Amino acid sequence: MGSDDGGAEELPPPPPLPPNVVPIKADDVVKESPPDQPMKPKRSLVARPGLGRIGQPIQLLSNHFKVSVKSSQDFFHHYDVSLKYEDDTPVDRLKGIGRKVIDKLQHTYLSELANKDFAYDGEKSLFTIGALPQVTNEFIVILEDLGTGKTAANGSPGGNGSPGGSDKKRVRRPYQTKTFKVELRFAAKIPMGAIADAIRGQESENSLEAIRVLDIILRQHAAKQGCLLVRQSFFHNNPRNFVDLGGGVLGCRGFHSSFRGTQSGLSLNIDVSTTMIVQPGPVIDFLKANQKVDQPARIDWSKAKRALKNLRIKTIPANTEFKIVGLSDRNCNEQTFEWRQRNGSGGIDTVEITVYEYFVKIRGIELQYGSLPCINVGRPKRPTYFPAELCMLLPLERYTKALSTLQRSSLVEKSRQKPQERMSTLDEALKRSNYESDPMLRACGISIARNFTQIEGRVLQAPRLRVGNNEDILTHKGRWSLKHKKLYQTCSVERWAVVNFSARCDVRGLVRDLKRNGIAKGLKIQDPFDHVFEESPSMRRAPAAQRVDAMLAQLEKKLPDKPNFLLCLLPDRKNCEVYGPWKKKCLADLGIVTQCLAPPARVNDQYIDNVLLKINAKLGGLNSLLRIEVERTIPLVSKVPTIILGIDVSHGPPGQSDRPSIAAVVSSREWPYISKYRATVNTQSPKLEMVSSLFKPQGPEDDDGLIRVSLIDFYNTSGKRKPDHVIIFRDGVSESQFTQVINIELEKIIEACKFLDEKWSPKFTVIVAQKNHHTKFFQTGSPDNVPPGTVVDKQVCHPKNFDFYMCAHAGMIGTSRPTHYHVLHDEIGFTADELEEFVHSLSYVYQRSTTAVSVVAPICYAHLAAAQVGTFLKFEDMSDASSSQGRGHTSAGSAAVQPLPGLHERVRNTMFFC
């Protein structure tokens, strides 16, 4: 932890209602319209109000390649695909099998299918150009050599038995085949002319569906080349694309490729994409690297089971492919099964032997590691075992577990590409893809331009900032300096102490420099308590919670009063195990603001100044403000009471699907400021993206939802004014969820307002910010990244909806990724210029740094809030969840998720997450 990663507040008990706010009873809040009343009409996305004009024009190139198509009166015919085994059992796992079956179907029945080419999504949808001969088409398809384990430890020479599982005799076949029943049932027709509509910018439901078909064709094209498919990204098995991340994990570079409808027509968006794969080769070698052990005997097999599940392997010497289901309960030389063999009289004898004996004595295969568990490639109740040393991981097997900090850092460092390098890579990717050879694309009359799309962007002027002594400062390339400057509004640091969890640094020198630099910035910093609280060497190997309790016991014993602030020195820069328990104790139990840092070997003034920015913001100060904020000249915001909300949902890491998701809402306070925020946070069901706790009229007395608390705080800190404008920035939702945001989440926010005052009707603007997209911009004739303040709202944007790309930050490393802002709903009535400049300004109010950030500050804060509260839960014993003070969310039909500990009233209204 170089410094705090931020923080978040659990929902506090709501303050008393303001005098002129009349609450309504929970029973009066109607969640659904009664049957005799019409349902509220669904909101639709707002149309673009026009194009922005402010800013210096700049010529750019984008990684969108224009697509042209010949006009056609034909139709895509959509068929539902049903795959069953010969006994009419549905095939539940289509991935992998589905494409093999459909390929064999097309090859076997080409004439019966009128020589049609297919676009198959690998699951349950298939498309043709023109109709198949019949409405319903039924076929029998026989596949050979589906991995069946010819040398598995099981009950028959052909490998069809089941070790350790069923004792039923299974039929032995002369060769391995699988019979499928395939049914193609007509579902719908999509006019191919809808593609031309997309090119003309006339987006419709048909054009969206037609573009989906084109994307399916791209996936199928990549699948036939043997690529790993991850949504619309494709990865080739080429060692040149691999980077070693350590722990048996490789970063695999590939390409994203998808069709997009834009203002200038249809385009093919191609970008560099990266996924993680396991190191192909012996399973034991992967496990040793993954767990950082030097001997197979030291492998933790409970961890190995999680790491290996669902990976595909090849077994030796039979060279047969399987998917790993699990591990044997006992070791290879102990795990037994019943083996059936013919005797001399033509009958069958059943013998119980171990897997080790079977392979060594019967198969004649030498084994080194009989004391290791076996790999199960059968079924949980009918296992088929192989010794782990005979199993080889196949290439391009995805690694879906969470990366370590070192692996993540290595991935970022090794995947960076300068703009010119990325352009060359993308140009090569388009050539290598050879889309012109695809028969379906040819039949659609599709042709793809070879050149990057030329577009015109604009560079917005950076806002001026106001610091201490009413001094204005200029920014340069998205950065500014506070050297020799006073901070705008400073705090007092008094009654504070330093605790050291075994960090090796000059603590006295650090405190001296912190005080000297702080006073120079205008902070009132008293001397800390004389004693530096050092962790006892005997505690360094104790559990994290015990280390924290021991440190706090020291504080309580030696300090006369509870401190207002604690500076905490950690030994590890990232993922220090003490961090979560320490934050929880200080913020939830004691109400003490704390700043954590892991000092580098040499501490310079810049490092000290960055720490001071966070301390000042956490203790109630403001480091800098926008001049237009101070002068109240922000259009539609400064003259009308306006609250700004940032909403984000953080999910558990990969491989931990049971971890609750964490929803965070940050809200502006002390209007007309737009630089001060508070946070409220709650847990909800795992992987749930829509925020479930925005408004809960029938919740516990101290839990009315995240929004009500934010609105009351705004009222109490803004001169007893209710906000007439509510601007909502939402992070982390995909385009398919936009209508849910404005019809579910916005409706809950409106209900929260009505709950406080039935007659109160503020105006709402809802904006989604996306970083996870694949559009990049490059300066024409320059090797540098686009300058900070670059905005694009034409040519590669949506044909009719209100969206724009903003690159507010200075991209110093790699290629800048702009943020894609989508305005879903706008009752306030921003013009394109007003909103683009407002969003740009909000990238300069982030109190933790002296640089413009790539996405608006309220979303950054919401992300920090959710992430820090995640550390509260990370180290808690789940059995103690019921005794935690806090609120959880229970979704219909699911168990209650682990609740959050409520924050102490002394810190809940501070920017403790900063």
# chains A, B, ... in the order shown; residues from 1 in each chain; ligands from 1
call {"tool": "residues_around", "arguments": {"residues": "range 244-259 of chain A", "least_positions_apart": "2", "cutoff": "8 Å", "atoms": "only C-alpha atoms", "output": "ChimeraX atom specification"}}
result
/A:211,214-215,218,232-236,241-242,261,266-279,286-287,289-292,399,407-408,410-411,415,429,774
call {"tool": "write_last_selection", "arguments": {"atoms": "N, CA and C atoms", "output": "compact mmCIF listing (two decimals), in the first residue's frame"}}
result
# COMPACT_ATOMS: atom_id res chain seq x y z
N ILE A 211 -26.59 -6.84 -37.15
CA ILE A 211 -25.20 -6.64 -36.73
C ILE A 211 -24.78 -7.79 -35.81
N LEU A 214 -23.67 -10.58 -37.89
CA LEU A 214 -22.33 -10.35 -38.42
C LEU A 214 -21.27 -10.66 -37.37
N ASP A 215 -21.53 -10.29 -36.11
CA ASP A 215 -20.59 -10.61 -35.03
C ASP A 215 -20.46 -12.12 -34.83
N LEU A 218 -18.10 -13.42 -37.31
CA LEU A 218 -16.70 -13.19 -36.92
C LEU A 218 -16.24 -14.25 -35.92
N GLN A 232 -16.22 -11.32 -27.90
CA GLN A 232 -15.81 -10.93 -29.25
C GLN A 232 -14.29 -10.77 -29.35
N SER A 233 -13.54 -11.44 -28.48
CA SER A 233 -12.09 -11.41 -28.56
C SER A 233 -11.59 -12.80 -28.95
N PHE A 234 -10.52 -12.83 -29.75
CA PHE A 234 -10.02 -14.07 -30.33
C PHE A 234 -8.52 -14.19 -30.08
N PHE A 235 -8.09 -15.39 -29.67
CA PHE A 235 -6.71 -15.59 -29.26
C PHE A 235 -6.13 -16.80 -29.99
N HIS A 236 -5.02 -16.58 -30.72
CA HIS A 236 -4.35 -17.64 -31.46
C HIS A 236 -3.33 -18.34 -30.57
N ASN A 241 2.62 -14.47 -28.90
CA ASN A 241 1.58 -13.68 -28.23
C ASN A 241 1.56 -13.90 -26.71
N PHE A 242 2.45 -14.73 -26.17
CA PHE A 242 2.42 -15.09 -24.75
C PHE A 242 3.45 -14.28 -23.96
N GLY A 261 -22.55 0.09 -35.20
CA GLY A 261 -23.28 1.12 -35.93
C GLY A 261 -22.90 2.48 -35.40
N LEU A 266 -21.70 1.78 -40.70
CA LEU A 266 -21.22 0.57 -40.03
C LEU A 266 -19.70 0.54 -40.07
N SER A 267 -19.09 0.13 -38.94
CA SER A 267 -17.64 0.02 -38.90
C SER A 267 -17.25 -1.26 -38.17
N LEU A 268 -16.05 -1.72 -38.46
CA LEU A 268 -15.47 -2.86 -37.76
C LEU A 268 -14.46 -2.32 -36.76
N ASN A 269 -14.73 -2.55 -35.50
CA ASN A 269 -13.87 -2.07 -34.42
C ASN A 269 -12.89 -3.19 -34.06
N ILE A 270 -11.60 -2.94 -34.28
CA ILE A 270 -10.57 -3.93 -33.96
C ILE A 270 -9.64 -3.34 -32.91
N ASP A 271 -9.34 -4.11 -31.87
CA ASP A 271 -8.47 -3.62 -30.81
C ASP A 271 -7.65 -4.77 -30.26
N VAL A 272 -6.56 -4.43 -29.61
CA VAL A 272 -5.75 -5.44 -28.91
C VAL A 272 -6.50 -5.87 -27.65
N SER A 273 -6.50 -7.15 -27.39
CA SER A 273 -7.17 -7.69 -26.21
C SER A 273 -6.23 -8.69 -25.54
N THR A 274 -6.39 -8.84 -24.24
CA THR A 274 -5.52 -9.76 -23.49
C THR A 274 -6.36 -10.61 -22.56
N THR A 275 -6.04 -11.89 -22.49
CA THR A 275 -6.65 -12.77 -21.51
C THR A 275 -5.54 -13.58 -20.85
N MET A 276 -5.89 -14.30 -19.81
CA MET A 276 -4.92 -15.13 -19.10
C MET A 276 -5.16 -16.60 -19.41
N ILE A 277 -4.09 -17.32 -19.66
CA ILE A 277 -4.18 -18.76 -19.89
C ILE A 277 -3.18 -19.47 -18.98
N VAL A 278 -3.40 -20.78 -18.79
CA VAL A 278 -2.45 -21.56 -17.98
C VAL A 278 -1.31 -22.03 -18.88
N GLN A 279 -0.17 -22.22 -18.27
CA GLN A 279 0.99 -22.71 -19.01
C GLN A 279 0.70 -24.14 -19.49
N PHE A 286 2.53 -27.27 -13.76
CA PHE A 286 1.69 -26.09 -13.56
C PHE A 286 1.40 -25.87 -12.08
N LEU A 287 1.05 -26.93 -11.36
CA LEU A 287 0.70 -26.79 -9.95
C LEU A 287 1.91 -26.35 -9.13
N ALA A 289 4.41 -24.50 -10.17
CA ALA A 289 4.62 -23.07 -10.46
C ALA A 289 3.53 -22.23 -9.83
N ASN A 290 2.29 -22.69 -9.89
CA ASN A 290 1.16 -21.92 -9.38
C ASN A 290 1.23 -21.73 -7.87
N GLN A 291 1.73 -22.75 -7.18
CA GLN A 291 1.80 -22.68 -5.71
C GLN A 291 3.21 -22.36 -5.20
N LYS A 292 4.13 -22.15 -6.16
CA LYS A 292 5.50 -21.77 -5.82
C LYS A 292 6.14 -22.79 -4.86
N TYR A 399 -7.24 -19.07 -17.73
CA TYR A 399 -7.03 -19.01 -16.28
C TYR A 399 -8.01 -17.97 -15.75
N GLN A 407 1.43 -10.53 -10.43
CA GLN A 407 0.99 -10.96 -11.76
C GLN A 407 0.26 -9.83 -12.48
N ARG A 408 -0.58 -9.13 -11.75
CA ARG A 408 -1.34 -8.03 -12.36
C ARG A 408 -0.41 -6.92 -12.82
N SER A 410 2.74 -7.25 -13.61
CA SER A 410 3.51 -7.76 -14.73
C SER A 410 2.69 -7.72 -16.01
N LEU A 411 1.40 -8.05 -15.90
CA LEU A 411 0.53 -8.03 -17.08
C LEU A 411 0.41 -6.62 -17.65
N SER A 415 1.93 -5.60 -21.31
CA SER A 415 0.96 -5.43 -22.39
C SER A 415 0.91 -4.00 -22.91
N ALA A 429 -3.32 -7.22 -37.60
CA ALA A 429 -4.42 -8.10 -37.19
C ALA A 429 -5.51 -8.14 -38.26
N HIS A 774 -13.53 -0.64 -26.63
CA HIS A 774 -12.38 -0.93 -27.49
C HIS A 774 -12.11 0.16 -28.51
call {"tool": "residues_around", "arguments": {"residues": "Met423 in chain A", "least_positions_apart": "4", "cutoff": "9 Å", "atoms": "only C-alpha atoms", "output": "PyMOL selection string"}}
result
chain A and resi 63+418-419+427-428+452+778
call {"tool": "select_by_dssp", "arguments": {"residues": "range 564-663 of chain A", "states": "strand (DSSP E)", "output": "ChimeraX atom specification"}}
result
/A:565-569,593-597,625-626,642-650,661-663
call {"tool": "closest_atom_pairs", "arguments": {"of": "range 783-843 of chain A", "to": "range 458-467 of chain A", "cutoff": "9 Å", "atoms": "only C-alpha atoms", "output": "CSV"}}
result
residue,atom,partner,partner_atom,distance
A:Pro787,CA,A:Val459,CA,7.3
A:Pro788,CA,A:Val459,CA,7.3
A:Gly789,CA,A:Leu460,CA,4.9
A:Thr790,CA,A:Val459,CA,4.3
A:Val791,CA,A:Arg458,CA,5.4
A:Val792,CA,A:Arg458,CA,6.6
A:Ala808,CA,A:Leu460,CA,8.9
A:Glu836,CA,A:Leu460,CA,8.8
A:Glu837,CA,A:Leu460,CA,7.4
A:His840,CA,A:Leu460,CA,7.9
A:Ser841,CA,A:Pro463,CA,6.4
call {"tool": "residues_around", "arguments": {"residues": "His863 in chain A", "least_positions_apart": "6", "cutoff": "8 Å", "atoms": "only C-alpha atoms", "output": "JSON, numbers by chain"}}
result
{"A": [648, 649, 650, 664]}
call {"tool": "write_last_selection", "arguments": {"atoms": "N, CA and C atoms", "output": "JSON list (two decimals), in the first residue's frame"}}
result
[["chain", "number", "residue", "atom", "x", "y", "z"],
["A", 648, "ASP", "N", -21.34, 2.99, -8.14],
["A", 648, "ASP", "CA", -20.54, 1.88, -8.68],
["A", 648, "ASP", "C", -20.86, 0.63, -7.89],
["A", 649, "VAL", "N", -20.76, -0.52, -8.57],
["A", 649, "VAL", "CA", -20.93, -1.81, -7.91],
["A", 649, "VAL", "C", -19.65, -2.61, -8.14],
["A", 650, "SER", "N", -19.06, -3.06, -7.05],
["A", 650, "SER", "CA", -17.82, -3.85, -7.12],
["A", 650, "SER", "C", -18.17, -5.30, -6.84],
["A", 664, "ALA", "N", -21.74, 1.16, -3.96],
["A", 664, "ALA", "CA", -21.32, 2.41, -3.31],
["A", 664, "ALA", "C", -21.97, 3.60, -4.01]]
call {"tool": "select_by_dssp", "arguments": {"residues": "range 183-302 of chain A", "states": "alpha helix (DSSP H)", "output": "VMD selection string"}}
result
chain A and resid 193 to 199 205 to 224 283 to 291 301 to 302
call {"tool": "residues_around", "arguments": {"residues": "range 430-440 of chain A", "least_positions_apart": "3", "cutoff": "9 Å", "atoms": "only C-alpha atoms", "output": "short mmCIF file (atom, residue, chain, number, x, y, z; two decimals) with N, CA and C atoms, in the first residue's frame"}}
result
data_model
loop_
_atom_site.label_atom_id
_atom_site.label_comp_id
_atom_site.auth_asym_id
_atom_site.auth_seq_id
_atom_site.Cartn_x
_atom_site.Cartn_y
_atom_site.Cartn_z
N ASP A 117 -24.44 -22.08 -46.34
CA ASP A 117 -23.45 -21.82 -45.30
C ASP A 117 -24.18 -21.40 -44.02
N PHE A 118 -23.55 -21.69 -42.87
CA PHE A 118 -24.15 -21.41 -41.57
C PHE A 118 -23.37 -20.30 -40.86
N ALA A 119 -24.09 -19.55 -40.04
CA ALA A 119 -23.47 -18.72 -39.00
C ALA A 119 -24.01 -19.24 -37.67
N THR A 128 -28.84 -18.61 -41.51
CA THR A 128 -28.51 -18.86 -42.91
C THR A 128 -28.98 -17.66 -43.73
N ILE A 129 -28.42 -17.52 -44.93
CA ILE A 129 -28.92 -16.53 -45.88
C ILE A 129 -29.91 -17.24 -46.78
N LEU A 214 -23.67 -10.58 -37.89
CA LEU A 214 -22.33 -10.35 -38.42
C LEU A 214 -21.27 -10.66 -37.37
N ILE A 217 -20.75 -14.29 -37.17
CA ILE A 217 -19.92 -14.75 -38.28
C ILE A 217 -18.44 -14.56 -37.95
N LEU A 218 -18.10 -13.42 -37.31
CA LEU A 218 -16.70 -13.19 -36.92
C LEU A 218 -16.24 -14.25 -35.92
N HIS A 221 -15.72 -17.49 -37.73
CA HIS A 221 -14.51 -17.41 -38.54
C HIS A 221 -13.27 -17.68 -37.68
N ALA A 222 -13.25 -17.08 -36.47
CA ALA A 222 -12.11 -17.29 -35.56
C ALA A 222 -12.08 -18.72 -35.02
N ILE A 270 -11.60 -2.94 -34.28
CA ILE A 270 -10.57 -3.93 -33.96
C ILE A 270 -9.64 -3.34 -32.91
N THR A 425 0.14 -3.07 -34.85
CA THR A 425 -0.41 -4.36 -34.44
C THR A 425 -1.82 -4.55 -34.98
N LEU A 426 -2.64 -3.50 -34.91
CA LEU A 426 -4.02 -3.60 -35.38
C LEU A 426 -4.07 -3.75 -36.90
N ASP A 427 -3.20 -3.04 -37.59
CA ASP A 427 -3.14 -3.15 -39.05
C ASP A 427 -2.81 -4.59 -39.45
N ALA A 443 -21.09 -13.67 -48.88
CA ALA A 443 -22.49 -13.78 -49.28
C ALA A 443 -23.31 -12.57 -48.83
N CYS A 444 -22.87 -11.92 -47.75
CA CYS A 444 -23.55 -10.70 -47.28
C CYS A 444 -23.15 -9.47 -48.09
N GLY A 445 -22.16 -9.63 -48.98
CA GLY A 445 -21.69 -8.48 -49.74
C GLY A 445 -20.89 -7.50 -48.91
N ILE A 446 -20.25 -8.01 -47.84
CA ILE A 446 -19.49 -7.15 -46.91
C ILE A 446 -18.09 -6.92 -47.44
N SER A 447 -17.64 -5.68 -47.42
CA SER A 447 -16.23 -5.36 -47.67
C SER A 447 -15.77 -4.38 -46.62
N ILE A 448 -14.53 -4.56 -46.17
CA ILE A 448 -13.99 -3.79 -45.04
C ILE A 448 -12.81 -2.95 -45.51
N ARG A 450 -9.36 -0.84 -45.45
CA ARG A 450 -8.07 -1.19 -44.86
C ARG A 450 -7.51 -0.07 -44.00
#
call {"tool": "closest_residue", "arguments": {"among": "A:Lys585, A:Asp88, A:Glu413, A:Val493", "to": "Leu619 in chain A", "atoms": "only C-alpha atoms"}}
result
A:Val493
call {"tool": "atom_distance", "arguments": {"atom1": "CA of Gly457 in chain A", "atom2": "CA of Ala194 in chain A"}}
result
29.0 Å
call {"tool": "closest_residue", "arguments": {"among": "A:Phe529, A:Phe913, A:Phe777, A:Phe565", "to": "Leu61 in chain A", "atoms": "only C-alpha atoms"}}
result
A:Phe777
call {"tool": "residues_around", "arguments": {"residues": "range 579-584 of chain A", "least_positions_apart": "5", "cutoff": "7 Å", "atoms": "only C-alpha atoms", "output": "VMD selection string"}}
result
chain A and resid 544 to 545 548 589 871 to 872 875
call {"tool": "write_last_selection", "arguments": {"atoms": "C-alpha atoms", "output": "PDB file, in the first residue's frame"}}
result
ATOM      1  CA  ALA A 544      -3.829 -10.080  11.052  1.00  0.00           C
ATOM      2  CA  ALA A 545      -6.755  -9.399  13.397  1.00  0.00           C
ATOM      3  CA  VAL A 548      -4.353  -5.086  14.942  1.00  0.00           C
ATOM      4  CA  ASP A 589     -15.397   0.554  15.744  1.00  0.00           C
ATOM      5  CA  THR A 871     -11.273  -5.165   2.598  1.00  0.00           C
ATOM      6  CA  PHE A 872     -13.529  -5.012   5.685  1.00  0.00           C
ATOM      7  CA  PHE A 875     -10.660 -10.912   6.423  1.00  0.00           C
TER       8      PHE A 875
END
call {"tool": "atom_distance", "arguments": {"atom1": "CA of Val507 in chain A", "atom2": "CA of Ala601 in chain A"}}
result
11.6 Å
call {"tool": "residues_around", "arguments": {"residues": "Val845 in chain A", "least_positions_apart": "6", "cutoff": "9 Å", "atoms": "only C-alpha atoms", "output": "list in words"}}
result
Ser624, Leu625, Leu626, Ile674, Ser675, Lys676, Ala852, Val853, Val856 and Ala857 of chain A
call {"tool": "closest_residue", "arguments": {"among": "A:Gly326, A:Pro654, A:Pro280, A:Gly468", "to": "Gly522 in chain A", "atoms": "only C-alpha atoms"}}
result
A:Gly468
call {"tool": "atom_distance", "arguments": {"atom1": "CA of Glu745 in chain A", "atom2": "CA of Glu205 in chain A"}}
result
24.2 Å
call {"tool": "closest_residue", "arguments": {"among": "A:Ile365, A:Ile712, A:Val141, A:Ala402", "to": "Gln656 in chain A", "atoms": "only C-alpha atoms"}}
result
A:Ala402
call {"tool": "closest_residue", "arguments": {"among": "A:Asn137, A:Ile54, A:Thr384, A:Lys748", "to": "Glu112 in chain A", "atoms": "only C-alpha atoms"}}
result
A:Asn137
